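As provided, work.cif (mmCIF, C-alpha atoms (C1' of nucleotides)) reads as follows.
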```
data_target
loop_
_atom_site.label_atom_id
_atom_site.label_comp_id
_atom_site.auth_asym_id
_atom_site.auth_seq_id
_atom_site.Cartn_x
_atom_site.Cartn_y
_atom_site.Cartn_z
CA MET A 184 -39.71 -8.52 -19.51
CA ALA A 185 -40.14 -8.03 -23.21
CA THR A 186 -38.11 -4.85 -22.99
CA GLU A 187 -35.41 -6.66 -21.07
CA ASN A 188 -35.33 -9.26 -23.82
CA LYS A 189 -35.07 -6.64 -26.55
CA TYR A 190 -32.30 -4.91 -24.68
CA THR A 191 -30.43 -8.15 -24.21
CA SER A 192 -30.94 -9.30 -27.77
CA ILE A 193 -29.40 -6.05 -29.01
CA LEU A 194 -26.51 -6.53 -26.60
CA LEU A 195 -25.91 -10.07 -27.81
CA ALA A 196 -26.29 -9.14 -31.46
CA ALA A 197 -23.74 -6.39 -31.00
CA LYS A 198 -21.38 -8.74 -29.23
CA THR A 199 -21.61 -11.25 -32.07
CA LEU A 200 -20.94 -8.66 -34.76
CA PHE A 201 -18.21 -6.81 -32.85
CA TRP A 202 -16.44 -10.10 -32.17
CA LYS A 203 -16.62 -11.04 -35.80
CA TYR A 204 -15.81 -7.77 -37.55
CA GLY A 205 -14.52 -5.38 -34.93
CA PHE A 206 -16.03 -2.10 -33.84
CA LYS A 207 -15.82 0.29 -36.76
CA ARG A 208 -16.84 -2.20 -39.47
CA VAL A 209 -20.24 -2.70 -37.86
CA ASN A 210 -22.99 -0.12 -38.14
CA ILE A 211 -26.19 0.37 -36.20
CA GLU A 212 -28.43 -1.10 -38.86
CA ASP A 213 -26.33 -4.25 -39.03
CA ILE A 214 -26.92 -4.64 -35.32
CA CYS A 215 -30.64 -3.97 -35.66
CA LYS A 216 -30.87 -6.56 -38.40
CA GLN A 217 -29.01 -9.12 -36.32
CA ALA A 218 -31.15 -8.34 -33.28
CA SER A 219 -34.35 -8.28 -35.35
CA CYS A 220 -35.38 -4.86 -34.19
CA SER A 221 -35.88 -1.46 -35.70
CA LYS A 222 -33.62 1.53 -35.44
CA GLY A 223 -36.13 3.25 -33.23
CA THR A 224 -35.97 0.48 -30.69
CA PHE A 225 -32.20 0.58 -30.70
CA TYR A 226 -32.08 4.27 -29.90
CA LYS A 227 -34.66 3.75 -27.21
CA TYR A 228 -32.17 1.65 -25.25
CA PHE A 229 -28.79 2.93 -26.37
CA PRO A 230 -27.76 6.54 -27.06
CA ASN A 231 -25.05 5.60 -29.60
CA LYS A 232 -22.65 2.91 -30.79
CA LEU A 233 -19.88 3.85 -28.41
CA GLU A 234 -22.08 3.55 -25.36
CA LEU A 235 -23.35 0.23 -26.71
CA ALA A 236 -19.78 -1.00 -27.05
CA LYS A 237 -19.05 0.02 -23.47
CA ARG A 238 -22.03 -1.98 -22.24
CA VAL A 239 -21.07 -4.97 -24.38
CA PHE A 240 -17.59 -4.72 -22.93
CA ASP A 241 -19.01 -4.54 -19.41
CA TYR A 242 -21.38 -7.40 -20.10
CA VAL A 243 -18.63 -9.70 -21.29
CA VAL A 244 -16.29 -8.73 -18.49
CA THR A 245 -18.94 -9.19 -15.82
CA ASP A 246 -20.14 -12.42 -17.34
CA SER A 247 -16.67 -13.90 -17.55
CA MET A 248 -15.92 -12.74 -14.04
CA GLN A 249 -18.98 -14.54 -12.69
CA SER A 250 -18.05 -17.69 -14.56
CA LEU A 251 -14.57 -17.52 -13.14
CA GLN A 252 -15.90 -17.06 -9.60
CA GLN A 253 -18.16 -20.07 -10.07
CA ILE A 254 -15.28 -22.19 -11.27
CA LEU A 255 -12.93 -21.15 -8.49
CA GLN A 256 -15.56 -21.73 -5.83
CA SER A 257 -16.81 -25.03 -7.23
CA ASN A 258 -16.13 -28.18 -5.28
CA THR A 259 -13.67 -29.79 -7.69
CA GLN A 260 -10.00 -30.57 -8.04
CA ALA A 261 -7.51 -27.94 -9.11
CA HIS A 262 -7.01 -29.79 -12.36
CA ASP A 263 -10.66 -29.54 -13.24
CA LYS A 264 -10.80 -25.88 -12.23
CA LEU A 265 -7.84 -25.10 -14.40
CA THR A 266 -9.28 -26.92 -17.38
CA ARG A 267 -12.47 -24.98 -17.14
CA MET A 268 -10.60 -21.73 -16.66
CA LEU A 269 -8.61 -22.24 -19.79
CA GLU A 270 -11.76 -23.09 -21.70
CA LEU A 271 -13.33 -19.94 -20.33
CA LYS A 272 -10.61 -17.74 -21.74
CA LEU A 273 -11.04 -19.45 -25.07
CA ASN A 274 -14.56 -18.10 -25.37
CA GLY A 275 -14.56 -15.18 -22.99
CA VAL A 276 -12.71 -12.00 -22.22
CA HIS A 277 -9.35 -13.15 -23.43
CA ASP A 278 -10.83 -14.03 -26.77
CA ILE A 279 -12.24 -10.55 -27.36
CA SER A 280 -11.72 -9.82 -30.99
CA GLN A 281 -8.42 -8.00 -31.34
CA GLU A 282 -10.05 -5.71 -33.85
CA PHE A 283 -12.81 -4.83 -31.45
CA LEU A 284 -10.40 -3.88 -28.74
CA ALA A 285 -8.14 -2.01 -31.14
CA ASP A 286 -10.99 -0.08 -32.78
CA PHE A 287 -12.61 0.53 -29.44
CA TYR A 288 -9.38 1.59 -27.81
CA ASN A 289 -8.22 3.85 -30.63
CA ASN A 290 -11.48 5.73 -30.67
CA PRO A 291 -10.88 9.47 -30.54
CA ASP A 292 -13.41 9.68 -27.72
CA VAL A 293 -11.48 11.14 -24.82
CA GLY A 294 -12.98 9.04 -22.07
CA ILE A 295 -12.74 5.65 -23.68
CA LYS A 296 -9.06 5.03 -23.10
CA THR A 297 -9.18 5.67 -19.39
CA TYR A 298 -12.50 3.85 -19.21
CA ILE A 299 -11.02 0.60 -20.50
CA GLU A 300 -7.90 1.01 -18.43
CA GLN A 301 -9.93 1.49 -15.25
CA ARG A 302 -12.31 -1.32 -16.10
CA THR A 303 -9.44 -3.66 -16.89
CA ALA A 304 -7.62 -2.69 -13.74
CA VAL A 305 -10.70 -3.44 -11.64
CA LEU A 306 -11.18 -6.75 -13.43
CA SER A 307 -7.58 -7.76 -12.89
CA ALA A 308 -7.84 -6.89 -9.22
CA GLU A 309 -11.03 -8.92 -8.86
CA ILE A 310 -9.56 -11.90 -10.65
CA MET A 311 -6.48 -11.71 -8.50
CA GLN A 312 -8.59 -11.53 -5.36
CA SER A 313 -10.54 -14.60 -6.50
CA PHE A 314 -7.31 -16.47 -6.93
CA VAL A 315 -6.06 -15.42 -3.53
CA GLU A 316 -9.29 -16.55 -1.90
CA ALA A 317 -9.15 -19.84 -3.74
CA GLN A 318 -5.60 -20.22 -2.59
CA GLN A 319 -6.60 -19.60 1.01
CA GLN A 320 -9.19 -22.35 0.67
CA GLY A 321 -6.48 -24.76 -0.37
CA VAL A 322 -7.17 -24.88 -4.09
CA PHE A 323 -3.57 -23.99 -4.89
CA ARG A 324 -0.44 -24.55 -2.88
CA LYS A 325 0.10 -21.84 -0.30
CA ASP A 326 3.37 -20.48 -1.66
CA LEU A 327 2.25 -20.25 -5.29
CA ASN A 328 2.96 -16.82 -6.72
CA ILE A 329 -0.55 -15.94 -7.91
CA PRO A 330 0.27 -12.96 -10.16
CA PHE A 331 3.03 -14.92 -11.80
CA PHE A 332 0.83 -17.95 -12.33
CA PHE A 333 -1.96 -15.77 -13.68
CA TYR A 334 0.37 -14.13 -16.16
CA ILE A 335 1.84 -17.43 -17.31
CA SER A 336 -1.55 -19.06 -17.80
CA GLN A 337 -2.70 -16.04 -19.78
CA GLN A 338 0.34 -16.20 -22.00
CA LEU A 339 -0.20 -19.89 -22.58
CA SER A 340 -3.84 -19.51 -23.39
CA ALA A 341 -2.83 -17.10 -26.15
CA TYR A 342 -1.28 -20.05 -27.91
CA MET A 343 -4.58 -21.88 -28.02
CA HIS A 344 -5.47 -20.31 -31.33
CA ASP A 345 -2.06 -20.79 -32.87
CA PRO A 346 -2.47 -23.28 -35.73
CA VAL A 347 1.05 -24.59 -35.23
CA VAL A 348 0.47 -25.35 -31.58
CA LEU A 349 -2.93 -26.84 -32.33
CA SER A 350 -1.37 -29.11 -34.93
CA PHE A 351 0.32 -31.00 -32.10
CA PHE A 352 -3.08 -32.12 -30.86
CA ASP A 353 -6.11 -33.90 -32.23
CA SER A 354 -8.39 -31.13 -31.00
CA PRO A 355 -8.30 -27.86 -29.06
CA GLU A 356 -9.96 -29.64 -26.16
CA LYS A 357 -7.10 -32.09 -25.91
CA MET A 358 -4.65 -29.22 -25.95
CA ILE A 359 -6.45 -27.63 -23.05
CA MET A 360 -6.35 -30.90 -21.15
CA GLU A 361 -2.64 -31.18 -21.80
CA LEU A 362 -2.00 -27.65 -20.70
CA ALA A 363 -4.07 -28.05 -17.57
CA THR A 364 -2.33 -31.28 -16.66
CA LEU A 365 1.00 -29.62 -17.22
CA LEU A 366 0.21 -26.68 -14.96
CA VAL A 367 -1.47 -28.73 -12.28
CA HIS A 368 1.68 -30.65 -11.49
CA GLY A 369 3.07 -27.39 -10.21
CA ILE A 370 0.05 -26.14 -8.32
CA GLU A 371 -1.86 -29.19 -7.08
CA PRO A 372 -1.71 -29.14 -3.29
CA ASP A 373 -1.95 -32.95 -3.09
CA THR A 374 1.08 -33.54 -5.26
CA LYS A 375 3.35 -30.84 -3.92
CA GLN A 376 3.13 -30.48 -0.19
CA LEU A 377 5.28 -28.26 2.00
CA MET B 193 8.74 -8.28 -61.58
CA ALA B 194 8.31 -5.74 -58.84
CA THR B 195 5.07 -4.64 -60.46
CA GLU B 196 3.94 -8.26 -60.61
CA ASN B 197 4.72 -8.57 -56.92
CA LYS B 198 2.85 -5.38 -56.03
CA TYR B 199 -0.10 -6.50 -58.10
CA THR B 200 -0.11 -9.90 -56.45
CA SER B 201 0.35 -8.54 -52.97
CA ILE B 202 -2.69 -6.35 -53.45
CA LEU B 203 -4.64 -9.33 -54.74
CA LEU B 204 -3.67 -11.46 -51.76
CA ALA B 205 -4.32 -8.67 -49.30
CA ALA B 206 -7.77 -8.19 -50.77
CA LYS B 207 -8.46 -11.91 -50.62
CA THR B 208 -7.49 -12.04 -46.96
CA LEU B 209 -9.70 -9.10 -46.02
CA PHE B 210 -12.66 -10.12 -48.18
CA TRP B 211 -12.56 -13.62 -46.72
CA LYS B 212 -12.50 -12.24 -43.23
CA TYR B 213 -14.99 -9.40 -43.41
CA GLY B 214 -16.85 -9.71 -46.71
CA PHE B 215 -16.91 -7.27 -49.58
CA LYS B 216 -18.62 -4.13 -48.41
CA ARG B 217 -16.99 -3.97 -44.97
CA VAL B 218 -13.55 -3.60 -46.53
CA ASN B 219 -12.44 -0.32 -48.09
CA ILE B 220 -9.60 0.50 -50.43
CA GLU B 221 -7.38 1.96 -47.77
CA ASP B 222 -7.74 -1.16 -45.63
CA ILE B 223 -6.46 -3.14 -48.59
CA CYS B 224 -3.62 -0.71 -49.23
CA LYS B 225 -2.60 -0.93 -45.60
CA GLN B 226 -2.68 -4.74 -45.66
CA ALA B 227 -0.73 -4.80 -48.94
CA SER B 228 1.70 -2.13 -47.74
CA CYS B 229 1.14 0.13 -50.68
CA SER B 230 -0.29 3.57 -51.30
CA LYS B 231 -3.62 4.44 -52.76
CA GLY B 232 -1.94 5.65 -55.93
CA THR B 233 -0.36 2.27 -56.52
CA PHE B 234 -3.66 0.55 -56.00
CA TYR B 235 -5.40 2.65 -58.64
CA LYS B 236 -2.49 2.05 -60.95
CA TYR B 237 -3.36 -1.64 -61.11
CA PHE B 238 -7.06 -1.75 -60.36
CA PRO B 239 -9.75 0.64 -61.59
CA ASN B 240 -12.03 0.07 -58.58
CA LYS B 241 -13.03 -2.30 -55.79
CA LEU B 242 -15.53 -4.24 -57.85
CA GLU B 243 -13.01 -5.05 -60.56
CA LEU B 244 -10.56 -6.07 -57.84
CA ALA B 245 -13.14 -8.41 -56.37
CA LYS B 246 -13.71 -9.97 -59.77
CA ARG B 247 -10.01 -10.65 -60.15
CA VAL B 248 -9.78 -12.04 -56.62
CA PHE B 249 -12.73 -14.27 -57.44
CA ASP B 250 -11.05 -15.37 -60.67
CA TYR B 251 -7.77 -15.94 -58.90
CA VAL B 252 -9.30 -18.17 -56.24
CA VAL B 253 -11.41 -20.09 -58.75
CA THR B 254 -8.47 -20.67 -61.08
CA ASP B 255 -6.20 -21.59 -58.20
CA SER B 256 -8.66 -24.09 -56.75
CA MET B 257 -9.34 -25.51 -60.19
CA GLN B 258 -5.65 -26.19 -60.69
CA SER B 259 -5.40 -27.84 -57.29
CA LEU B 260 -8.36 -30.02 -58.14
CA GLN B 261 -6.82 -31.04 -61.46
CA GLN B 262 -3.61 -31.95 -59.67
CA ILE B 263 -5.45 -34.09 -57.17
CA LEU B 264 -7.55 -35.88 -59.75
CA GLN B 265 -4.53 -36.59 -61.94
CA SER B 266 -2.25 -37.61 -59.07
CA ASN B 267 -1.19 -41.25 -58.84
CA THR B 268 -3.12 -42.17 -55.71
CA GLN B 269 -6.09 -44.16 -54.54
CA ALA B 270 -9.64 -42.83 -54.86
CA HIS B 271 -9.84 -42.60 -51.11
CA ASP B 272 -6.82 -40.34 -50.94
CA LYS B 273 -8.07 -38.22 -53.82
CA LEU B 274 -11.40 -37.77 -52.14
CA THR B 275 -9.84 -36.82 -48.83
CA ARG B 276 -7.76 -34.16 -50.48
CA MET B 277 -10.71 -32.93 -52.48
CA LEU B 278 -12.78 -32.44 -49.39
CA GLU B 279 -9.90 -30.67 -47.68
CA LEU B 280 -9.60 -28.44 -50.72
CA LYS B 281 -13.15 -27.28 -50.46
CA LEU B 282 -12.56 -26.57 -46.80
CA ASN B 283 -9.95 -23.94 -47.65
CA GLY B 284 -10.76 -23.10 -51.25
CA VAL B 285 -13.63 -22.01 -53.40
CA HIS B 286 -16.32 -23.62 -51.35
CA ASP B 287 -15.10 -21.84 -48.27
CA ILE B 288 -15.40 -18.40 -49.86
CA SER B 289 -16.73 -16.18 -47.17
CA GLN B 290 -20.50 -16.27 -47.39
CA GLU B 291 -20.52 -12.54 -46.78
CA PHE B 292 -18.14 -11.96 -49.63
CA LEU B 293 -20.28 -13.88 -52.06
CA ALA B 294 -23.48 -12.33 -50.78
CA ASP B 295 -22.13 -8.77 -50.88
CA PHE B 296 -20.48 -9.38 -54.19
CA TYR B 297 -23.54 -11.00 -55.67
CA ASN B 298 -26.02 -8.46 -54.38
CA ASN B 299 -24.04 -5.60 -55.82
CA PRO B 300 -26.30 -3.27 -57.81
CA ASP B 301 -23.78 -3.44 -60.63
CA VAL B 302 -25.68 -4.88 -63.57
CA GLY B 303 -22.91 -7.05 -64.93
CA ILE B 304 -21.84 -8.74 -61.73
CA LYS B 305 -24.70 -11.20 -61.43
CA THR B 306 -24.31 -12.64 -64.89
CA TYR B 307 -20.54 -12.50 -64.47
CA ILE B 308 -20.58 -14.81 -61.46
CA GLU B 309 -23.18 -17.05 -63.03
CA GLN B 310 -21.12 -17.46 -66.17
CA ARG B 311 -17.88 -17.92 -64.27
CA THR B 312 -19.50 -20.50 -62.00
CA ALA B 313 -21.04 -22.31 -64.95
CA VAL B 314 -17.65 -22.56 -66.64
CA LEU B 315 -16.06 -23.75 -63.41
CA SER B 316 -18.72 -26.40 -62.89
CA ALA B 317 -18.28 -27.62 -66.45
CA GLU B 318 -14.52 -27.83 -66.00
CA ILE B 319 -14.81 -29.66 -62.71
CA MET B 320 -17.31 -32.06 -64.24
CA GLN B 321 -14.97 -32.66 -67.15
CA SER B 322 -12.12 -33.38 -64.75
CA PHE B 323 -14.28 -35.92 -62.98
CA VAL B 324 -15.27 -37.58 -66.24
CA GLU B 325 -11.65 -37.85 -67.31
CA ALA B 326 -10.68 -39.25 -63.93
CA GLN B 327 -13.49 -41.75 -64.29
CA GLN B 328 -12.25 -42.81 -67.71
CA GLN B 329 -8.84 -43.43 -66.15
CA GLY B 330 -10.40 -45.79 -63.64
CA VAL B 331 -10.37 -43.57 -60.59
CA PHE B 332 -14.09 -44.08 -60.04
CA ARG B 333 -16.30 -46.97 -61.04
CA LYS B 334 -17.50 -46.67 -64.61
CA ASP B 335 -21.20 -46.42 -63.89
CA LEU B 336 -20.91 -43.78 -61.18
CA ASN B 337 -23.25 -40.86 -61.83
CA ILE B 338 -20.71 -38.04 -61.75
CA PRO B 339 -23.05 -35.05 -61.50
CA PHE B 340 -25.00 -36.75 -58.73
CA PHE B 341 -21.83 -37.66 -56.85
CA PHE B 342 -20.47 -34.16 -57.28
CA TYR B 343 -23.63 -32.64 -55.91
CA ILE B 344 -23.76 -34.99 -52.96
CA SER B 345 -20.15 -34.43 -52.02
CA GLN B 346 -20.68 -30.69 -52.22
CA GLN B 347 -23.69 -30.90 -49.99
CA LEU B 348 -21.79 -33.00 -47.50
CA SER B 349 -18.81 -30.69 -47.46
CA ALA B 350 -21.15 -27.89 -46.49
CA TYR B 351 -21.63 -29.67 -43.20
CA MET B 352 -17.95 -29.54 -42.43
CA HIS B 353 -18.32 -26.21 -40.70
CA ASP B 354 -21.44 -27.14 -38.84
CA PRO B 355 -20.56 -27.17 -35.14
CA VAL B 356 -23.10 -29.90 -34.42
CA VAL B 357 -21.67 -32.21 -37.04
CA LEU B 358 -18.16 -31.40 -35.95
CA SER B 359 -19.03 -32.28 -32.39
CA PHE B 360 -19.33 -35.91 -33.45
CA PHE B 361 -15.61 -35.92 -34.22
CA ASP B 362 -12.40 -35.14 -32.42
CA SER B 363 -11.27 -32.86 -35.21
CA PRO B 364 -12.35 -31.59 -38.64
CA GLU B 365 -9.63 -33.75 -40.17
CA LYS B 366 -11.19 -36.86 -38.70
CA MET B 367 -14.56 -35.88 -40.05
CA ILE B 368 -13.07 -35.52 -43.50
CA MET B 369 -11.49 -38.95 -43.18
CA GLU B 370 -14.79 -40.42 -42.10
CA LEU B 371 -16.64 -38.76 -44.92
CA ALA B 372 -14.09 -39.86 -47.49
CA THR B 373 -14.16 -43.43 -46.22
CA LEU B 374 -17.93 -43.39 -46.33
CA LEU B 375 -18.06 -42.18 -49.89
CA VAL B 376 -15.24 -44.40 -51.10
CA HIS B 377 -17.15 -47.56 -50.32
CA GLY B 378 -19.53 -46.51 -53.05
CA ILE B 379 -17.02 -45.33 -55.62
CA GLU B 380 -13.87 -47.38 -55.15
CA PRO B 381 -13.45 -49.50 -58.28
CA ASP B 382 -11.57 -52.21 -56.35
CA THR B 383 -14.35 -52.75 -53.83
CA LYS B 384 -17.33 -52.59 -56.12
CA GLN B 385 -16.72 -54.34 -59.40
CA LEU B 386 -19.24 -54.90 -62.18
"C1'" DT C 51 26.54 10.46 -60.82
"C1'" DT C 52 22.19 11.66 -63.44
"C1'" DA C 53 17.87 10.44 -65.62
"C1'" DT C 54 13.78 7.77 -65.35
"C1'" DT C 55 10.42 5.21 -63.24
"C1'" DT C 56 7.94 3.72 -59.31
"C1'" DT C 57 5.99 4.47 -54.98
"C1'" DT C 58 4.52 7.28 -51.32
"C1'" DA C 59 2.14 10.78 -48.84
"C1'" DT C 60 -1.27 13.91 -48.83
"C1'" DA C 61 -4.79 17.09 -50.16
"C1'" DC C 62 -9.06 17.72 -52.71
"C1'" DG C 63 -13.95 17.74 -54.32
"C1'" DT C 64 -17.55 14.42 -55.01
"C1'" DT C 65 -20.30 10.68 -53.90
"C1'" DT C 66 -21.99 7.39 -50.69
"C1'" DT C 67 -22.81 5.73 -46.19
"C1'" DT C 68 -24.03 6.22 -41.60
"C1'" DC C 69 -25.88 8.74 -37.88
"C1'" DG C 70 -29.47 10.10 -34.96
"C1'" DT C 71 -34.25 12.12 -34.98
"C1'" DA C 72 -39.01 12.27 -36.06
"C1'" DT C 73 -43.41 10.48 -37.39
"C1'" DA C 74 -47.08 7.66 -39.10
"C1'" DT C 75 -48.44 2.82 -39.08
"C1'" DT C 76 -48.71 -1.74 -37.16
"C1'" DT C 77 -48.58 -5.03 -33.48
"C1'" DG C 78 -49.33 -6.81 -29.02
"C1'" DT C 79 -51.67 -6.41 -24.57
"C1'" DA C 80 -54.45 -4.86 -20.28
"C1'" DT D 53 -61.40 -0.10 -27.00
"C1'" DA D 54 -57.51 2.24 -25.22
"C1'" DC D 55 -52.46 2.18 -24.47
"C1'" DA D 56 -47.78 0.91 -24.84
"C1'" DA D 57 -44.19 -0.91 -27.67
"C1'" DA D 58 -42.12 -2.00 -32.04
"C1'" DT D 59 -41.86 -1.24 -36.97
"C1'" DA D 60 -41.04 0.97 -41.27
"C1'" DT D 61 -39.60 4.83 -43.41
"C1'" DA D 62 -38.15 9.46 -44.48
"C1'" DC D 63 -35.08 13.08 -43.45
"C1'" DG D 64 -31.03 16.50 -42.83
"C1'" DA D 65 -26.46 16.50 -40.87
"C1'" DA D 66 -22.11 14.42 -40.20
"C1'" DA D 67 -18.67 11.17 -41.41
"C1'" DA D 68 -16.47 7.95 -44.39
"C1'" DA D 69 -15.06 6.31 -48.72
"C1'" DC D 70 -14.25 7.12 -53.49
"C1'" DG D 71 -11.27 8.32 -57.13
"C1'" DT D 72 -8.07 12.04 -58.90
"C1'" DA D 73 -4.11 14.92 -58.81
"C1'" DT D 74 0.42 16.35 -57.49
"C1'" DA D 75 4.74 17.04 -55.21
"C1'" DA D 76 8.30 14.62 -52.53
"C1'" DA D 77 10.87 10.39 -51.72
"C1'" DA D 78 12.72 5.93 -53.06
"C1'" DA D 79 14.19 2.63 -56.19
"C1'" DT D 80 16.22 1.43 -60.61
"C1'" DA D 81 18.95 1.89 -64.93
"C1'" DA D 82 22.03 4.08 -67.88
#
```
For the structure just supplied, provide its representation as structure tokens.
Amino acid sequence: MATENKYTSILLAAKTLFWKYGFKRVNIEDICKQASCSKGTFYKYFPNKLELAKRVFDYVVTDSMQSLQQILQSNTQAHDKLTRMLELKLNGVHDISQEFLADFYNNPDVGIKTYIEQRTAVLSAEIMQSFVEAQQQGVFRKDLNIPFFFYISQQLSAYMHDPVVLSFFDSPEKMIMELATLLVHGIEPDTKQL
Amino acid sequence: MATENKYTSILLAAKTLFWKYGFKRVNIEDICKQASCSKGTFYKYFPNKLELAKRVFDYVVTDSMQSLQQILQSNTQAHDKLTRMLELKLNGVHDISQEFLADFYNNPDVGIKTYIEQRTAVLSAEIMQSFVEAQQQGVFRKDLNIPFFFYISQQLSAYMHDPVVLSFFDSPEKMIMELATLLVHGIEPDTKQL
DNA sequence: TTATTTTTATACGTTTTTCGTATATTTGTA
DNA sequence: TACAAATATACGAAAAACGTATAAAAATAA
């Protein structure tokens, strides 16, 4: 209970700092300070910073994956699903600090490169599967090219932080709405029927 | 010419990195990389990181001060001036990375604390003087308490990054407009006349 | 071109920071 | 009171950053 909380608070503290400053700019004592724990407690739960980063990475990936599943399986319109998906990327996996990924990825540790590649591959496969299942349930039109759509929506969501793009809208939320509306006209089963 | 450009590019690179990560998280080679120069060139123009930070601090302060002067002396309504002033703080001095200031300020270097205090005192005096002059030119009502108003507007602008406050508005820009409008009703010479 | 200056790349010894471990003390809890 | 968990702190070892020096490369001027 209490240990679970300590563990989680370290995980969350690390996530916050890694997202903000990247991997190599953050040291263990920064994390301890943020998590309000001592160094001893940290090393009780995590062997080192790299392992911590792996678990943070896993945590975020798993968390985002669950959120995505929930969205896809929720009983709402495609438009609403899409809106929430785009919002999810804004705060989730896709928004992983570039520095964090770069630092993490460029680590001389031999295993880390393949680790991320495998983990990412599994995640992509799972996401794709979720889309396929949602498609089978009639969320998207039957002949929609899922991988293509997934790629396009990812590319578009990258623009969400672009100041120039954002300047076209009153708020990021409105941009997301616009984007969702735009995409839905191509994927909504009610509008486009075979 | 070229030396001026190199010097400036280092200054701007340092500003960017300090704003993003704070003082102590950034090292010389990060700055060199960002400024596309070698370590040798860096040490040609700057004796060390602390002196660099001082000059960055000076640069930003001077730059913001000039912008403020321009705004106060521009031929526009008080409302417009105020809007632009609040926007200025959003991107300028007031928005100096908290980490940067904290790191910078907490530096064990003996001189740094008094340095910032003096520099800030001078800046405050100059800003106050600018306000007084603007008041004499009829920008604000004659009996407005300038120091009080300055303090209040600074306090309010601190809220501009508060997510909760921002949630009341569609965009930060709208919040600034609201805030300016709110304040103007108390300071606009046309509305409130003796 | 040649001479001069500027910049780069890199190696280096020194200092500082960070790592990970260990231990005594304090805190919270059956 | 006993026991487990967390803290604070000290420590040596490893890594990173500092600041200097120098030779090669690039840019600039005569």
Requested in this report: Could you list the residues chosen by the PyMOL selection byres ((chain D and resi 77) around 10) in this structure as a PyMOL selection string?
Outcome: (chain C and resi 57-59) or (chain D and resi 75-76+78-79)
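Relative to CA of Gln261 in chain B, CA of Thr312 in chain B is found at 16.5 Å.
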Requested in this report: Tell me, as number ranges by chain, which residues lie within 10 Å of DA73 in chain D, counting only C-alpha atoms (C1' of nucleotides); anything in the same chain fewer than 4 positions away does not count.
Outcome: B: 232; C: 61-62
Go ahead and save the picked residues with C-alpha atoms (C1' of nucleotides), as a PDB file, in the coordinates of the input.
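That gives us part_29.pdb:
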```
ATOM      1  CA  GLY B 232      -1.940   5.650 -55.930  1.00  0.00           C
TER       2      GLY B 232
ATOM      3  C1'  DA C  61      -4.790  17.090 -50.160  1.00  0.00           C
ATOM      4  C1'  DC C  62      -9.060  17.720 -52.710  1.00  0.00           C
TER       5       DC C  62
END
```
If the cut-off is 8 Å, can you tell me the residues of chain B near chain C, counting only C-alpha atoms (C1' of nucleotides)? I'd like them as a PDB file with C-alpha atoms, in the frame of the given file.
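Result file selection_11.pdb:
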```pdb
ATOM      1  CA  CYS B 229       1.140   0.130 -50.680  1.00  0.00           C
ATOM      2  CA  SER B 230      -0.290   3.570 -51.300  1.00  0.00           C
ATOM      3  CA  THR B 233      -0.360   2.270 -56.520  1.00  0.00           C
TER       4      THR B 233
END
```
**Report entry** Residue with smallest distance to Lys305 in chain B - pool B:Leu293, B:Val252, B:Ala317, B:Leu260, counting only C-alpha atoms
**Finding:**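 Closest residue, counting only C-alpha atoms: B:Leu293.
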Within 10 Å of chain A, which residues of chain D show up when using all atoms listed in the file, listed as a PDB file with C-alpha atoms (C1' of nucleotides), in the coordinates of the input?
```
ATOM      1  C1'  DA D  57     -44.190  -0.910 -27.670  1.00  0.00           C
ATOM      2  C1'  DA D  58     -42.120  -2.000 -32.040  1.00  0.00           C
ATOM      3  C1'  DT D  59     -41.860  -1.240 -36.970  1.00  0.00           C
ATOM      4  C1'  DA D  60     -41.040   0.970 -41.270  1.00  0.00           C
TER       5       DA D  60
END
```
Report task. Have a look at CA of Phe201 in chain A and CA of Leu306 in chain A and let me know their distance in Å, one decimal. Result ->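 A separation of 20.7 Å between them.
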Requested in this report: Compute the distance from (-30.9, -1.7, -30.9) to each atom, counting only C-alpha atoms (C1' of nucleotides), keep the residues with any atom at most 8 Å away, and return them as a PyMOL selection string; use the coordinates of the file.
Outcome: chain A and resi 189-190+193-194+211+214-215+218+220-229
Query raised in the report: For chain B, which of A:Asn188, A:Asn210, A:Ser307, A:Asn290 is the closest residue, counting only C-alpha atoms?
Result: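 Checking each candidate against chain B, we get A:Asn210 as the closest.
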Query raised in the report: So how many Å separate CA of Arg302 in chain A and CA of Gln320 in chain A, to one decimal?
Result: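 Between CA of Arg302 in chain A and CA of Gln320 in chain A the gap works out to 27.1 Å.
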Given 6 Å of margin on each side, can you work out the centre and size in Å (one decimal) of an axis-aligned box holding every listed atom of range 218-224 of chain A, as JSON?
```
{"center_x": -33.6, "center_y": -2.5, "center_z": -33.2, "size_x": 17.0, "size_y": 23.6, "size_z": 17.0}
```
Output of the PyMOL selection byres ((chain B and resi 216) around 10), listed as a CSV table (one decimal) with C-alpha atoms, in the coordinates of the input:
```
chain,number,residue,atom,x,y,z
A,208,ARG,CA,-16.8,-2.2,-39.5
B,210,PHE,CA,-12.7,-10.1,-48.2
B,213,TYR,CA,-15.0,-9.4,-43.4
B,214,GLY,CA,-16.8,-9.7,-46.7
B,215,PHE,CA,-16.9,-7.3,-49.6
B,217,ARG,CA,-17.0,-4.0,-45.0
B,218,VAL,CA,-13.6,-3.6,-46.5
B,219,ASN,CA,-12.4,-0.3,-48.1
B,241,LYS,CA,-13.0,-2.3,-55.8
B,242,LEU,CA,-15.5,-4.2,-57.8
B,291,GLU,CA,-20.5,-12.5,-46.8
B,292,PHE,CA,-18.1,-12.0,-49.6
B,294,ALA,CA,-23.5,-12.3,-50.8
B,295,ASP,CA,-22.1,-8.8,-50.9
B,296,PHE,CA,-20.5,-9.4,-54.2
B,299,ASN,CA,-24.0,-5.6,-55.8
```
